[in-house]
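Some notes on the structure that comes next.
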Amino acid sequence: MKRSVVLPVAAVLLALGACSASGSSTSLSSVSAPPSASVDASASQTAGQASPTTVASPGVALAVGPGPQYSYAVQPQAAPGTCHYRYTAQQQPLPDSGCTPGAVNPQVTQANITGTICVAGFTATIRPPQSVTSPEKTANAASYGYRGPLGDAEYDHLISLELGGDPNDPRNLWVEPPSPGHVAGSGVNNPKDVVENQAKTLVCDGKVTLAAMQAAIATDWTTALSVVGHPNGT
């Protein structure tokens with residue numbers, strides 16, 4: 001469903017621009033990257049300001065995407081076959097950490113979560129339209145060599161929109177294949193979505209910081225809740 005984006009600030013967009021995957025052998029040649037920098041996430045978030053190119057979270061340097069756009073454009077994807085799925089011991093899928101390391105939305109900070117991700121319906125205001133994500137999904141499936149039914153795979157934000165993930169940075173999106181036990185042709189039904197909902201509740205209830213949750217999800221969504229000390233999601 002197409003949505004109108006109402007949040008971005010022109011100055012932020014000019015400052016940040018489009019980012020490319022860093023530390024990866026995969027080339028996104030038509031996406032330019034601004035100079036890299038590392039900052040303390042809590043300091044940046046407390047100030048309520050847009051973060052620079054990377055945010056230092058617990059054990060993870062997270063890329064910062066361009067943020068919500070008034071008009072989204074289809075983003076270039078990695079060359080076919082250059083991204084490779086990883087799997088946990090339980091055979092849950094994880095993305096290629098070079099192709100899809102995760103990227104955060106600069107307009108969501110610890111200081112403003114009560115007015116952004118913790119507001120019902122927030123993600124609908126920044127989600128790219130299907131006219132953009134559909135061709136991206138097809139191209140990304142080729143990047144990962146995914147050959148199953150596209151209807152059974154989710155074009156997933158590694159760091160979800162409800163956790164302050166960037167809406168359309170290619171570093172934050174991947175074709176997530178079905179989990180074990182999925183019935184072919186039954187559509188998308190991934191346990192990662194349940195983890196993301198629990199994670200958002202923990203952040204909005206003040207039990208976990210936004211930066212810690214983002215870092216845990218970006219590293220391994222299957223262990224994220226345990227890493228932040230809430231294995232049962234409560």
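By order in the structure tokens, chains are A, B, ...; within a chain, residues start at 1; ligands start at 1, following the order shown.
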| said: Using DSSP assignments from the backbone, pull out every residue in region 59-197 of chain A that falls under alpha helix (DSSP H) and give it to me as a list in words. | reply: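 These are the residues in question: Gln130, Ser131, Val132, Thr133, Ser134, Pro135, Glu136, Lys137, Thr138, Ala139, Asn140, Ala141, Ala142, Ser143, Tyr144, Pro191, Lys192, Asp193, Val194, Val195, Glu196 and Asn197 of chain A.
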Those same residues, written as an mmCIF file, in the first residue's frame with N, CA and C atoms?
data_model
loop_
_atom_site.group_PDB
_atom_site.id
_atom_site.type_symbol
_atom_site.label_atom_id
_atom_site.label_comp_id
_atom_site.auth_asym_id
_atom_site.auth_seq_id
_atom_site.Cartn_x
_atom_site.Cartn_y
_atom_site.Cartn_z
ATOM 1 N N GLN A 130 4.787 -0.218 -2.306
ATOM 2 C CA GLN A 130 5.066 -1.482 -2.974
ATOM 3 C C GLN A 130 5.664 -1.272 -4.359
ATOM 4 N N SER A 131 5.345 -0.153 -4.995
ATOM 5 C CA SER A 131 5.917 0.129 -6.316
ATOM 6 C C SER A 131 7.440 0.257 -6.247
ATOM 7 N N VAL A 132 7.960 0.555 -5.066
ATOM 8 C CA VAL A 132 9.405 0.639 -4.852
ATOM 9 C C VAL A 132 9.947 -0.688 -4.327
ATOM 10 N N THR A 133 9.287 -1.253 -3.324
ATOM 11 C CA THR A 133 9.828 -2.456 -2.689
ATOM 12 C C THR A 133 9.684 -3.711 -3.547
ATOM 13 N N SER A 134 8.695 -3.742 -4.433
ATOM 14 C CA SER A 134 8.515 -4.946 -5.249
ATOM 15 C C SER A 134 9.694 -5.195 -6.187
ATOM 16 N N PRO A 135 10.133 -4.195 -6.976
ATOM 17 C CA PRO A 135 11.307 -4.453 -7.814
ATOM 18 C C PRO A 135 12.585 -4.639 -7.001
ATOM 19 N N GLU A 136 12.666 -3.972 -5.858
ATOM 20 C CA GLU A 136 13.829 -4.183 -4.994
ATOM 21 C C GLU A 136 13.868 -5.623 -4.504
ATOM 22 N N LYS A 137 12.722 -6.150 -4.106
ATOM 23 C CA LYS A 137 12.650 -7.520 -3.600
ATOM 24 C C LYS A 137 13.085 -8.527 -4.660
ATOM 25 N N THR A 138 12.624 -8.327 -5.876
ATOM 26 C CA THR A 138 12.997 -9.235 -6.968
ATOM 27 C C THR A 138 14.504 -9.214 -7.197
ATOM 28 N N ALA A 139 15.069 -8.011 -7.219
ATOM 29 C CA ALA A 139 16.514 -7.881 -7.446
ATOM 30 C C ALA A 139 17.303 -8.431 -6.266
ATOM 31 N N ASN A 140 16.806 -8.198 -5.044
ATOM 32 C CA ASN A 140 17.511 -8.683 -3.856
ATOM 33 C C ASN A 140 17.458 -10.202 -3.763
ATOM 34 N N ALA A 141 16.347 -10.790 -4.213
ATOM 35 C CA ALA A 141 16.266 -12.247 -4.245
ATOM 36 C C ALA A 141 17.368 -12.812 -5.138
ATOM 37 N N ALA A 142 17.628 -12.139 -6.246
ATOM 38 C CA ALA A 142 18.719 -12.563 -7.132
ATOM 39 C C ALA A 142 20.068 -12.378 -6.447
ATOM 40 N N SER A 143 20.218 -11.280 -5.702
ATOM 41 C CA SER A 143 21.469 -11.039 -4.974
ATOM 42 C C SER A 143 21.785 -12.199 -4.042
ATOM 43 N N TYR A 144 20.733 -12.698 -3.355
ATOM 44 C CA TYR A 144 20.906 -13.777 -2.387
ATOM 45 C C TYR A 144 20.760 -15.176 -3.014
ATOM 46 N N PRO A 191 8.967 -16.090 12.427
ATOM 47 C CA PRO A 191 9.078 -15.831 13.867
ATOM 48 C C PRO A 191 9.838 -14.556 14.193
ATOM 49 N N LYS A 192 10.634 -14.053 13.260
ATOM 50 C CA LYS A 192 11.349 -12.789 13.504
ATOM 51 C C LYS A 192 10.362 -11.662 13.789
ATOM 52 N N ASP A 193 9.191 -11.698 13.151
ATOM 53 C CA ASP A 193 8.199 -10.643 13.380
ATOM 54 C C ASP A 193 7.742 -10.608 14.834
ATOM 55 N N VAL A 194 7.612 -11.771 15.450
ATOM 56 C CA VAL A 194 7.206 -11.850 16.858
ATOM 57 C C VAL A 194 8.295 -11.250 17.750
ATOM 58 N N VAL A 195 9.549 -11.579 17.435
ATOM 59 C CA VAL A 195 10.681 -11.033 18.195
ATOM 60 C C VAL A 195 10.696 -9.513 18.105
ATOM 61 N N GLU A 196 10.446 -8.989 16.922
ATOM 62 C CA GLU A 196 10.459 -7.536 16.733
ATOM 63 C C GLU A 196 9.367 -6.851 17.554
ATOM 64 N N ASN A 197 8.197 -7.449 17.616
ATOM 65 C CA ASN A 197 7.115 -6.866 18.408
ATOM 66 C C ASN A 197 7.465 -6.861 19.892
#
| remark: Counting only C-alpha atoms, the residue among A:Arg127, A:Val104, A:Lys207, A:Ser97 that lies closest to Gly229 (chain A) is A:Lys207
| Which polymer residues have any atom within 8 Å of an atom of region 91-95 of chain A, counting only C-alpha atoms, with same-chain residues fewer than 3 positions away left out, as a list in words? |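 Near region 91-95 of chain A, the qualifying residues are His84, Tyr85, Arg86, Tyr87, Thr88, Cys99, Thr100, Pro101, Trp174, Glu176, Pro177, Pro178, Ser179, Pro180, Asp220, Trp221 and Thr222 of chain A.
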| message | Let's see if you can do this: from backbone DSSP, list all strand (DSSP E) residues in region 49-219 of chain A, as a PyMOL selection string. | response | chain A and resi 54-57+60-64+86-87+93-94+103-104+154-157+173-176
| Between A:Ala212, A:Val183, A:Ala89, A:Ala224, which one has atoms that come closest to Gly164 (chain A), using only C-alpha atoms? |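 Nearest to Gly164 (chain A): A:Ala212.
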| query | What gap, in Å, lies between CA of Ala211 (chain A) and CA of Cys83 (chain A)? | reply |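 Taking CA of Ala211 (chain A) and CA of Cys83 (chain A), their separation equals 26.1 Å.
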| So how many Å separate CA of Ser186 (chain A) and CA of Tyr146 (chain A), to one decimal? |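 Pair CA of Ser186 (chain A) / CA of Tyr146 (chain A) returns 17.1 Å.
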| Using only C-alpha atoms, which of A:Leu202, A:Val119, A:Leu163, A:Ala79 sits nearest Pro106 (chain A)? |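 Residue with the minimum atom-to-atom distance to Pro106 (chain A): A:Leu163.
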| Distance query Asn172 (chain A) at most 8 Å, only C-alpha atoms, self and fewer than 3 positions along chain excluded, as a PyMOL selection string | chain A and resi 100-104+157-159+165-169
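Interatomic distance, CA of Gly98 (chain A) to CA of Ile113 (chain A): 28.4 Å.
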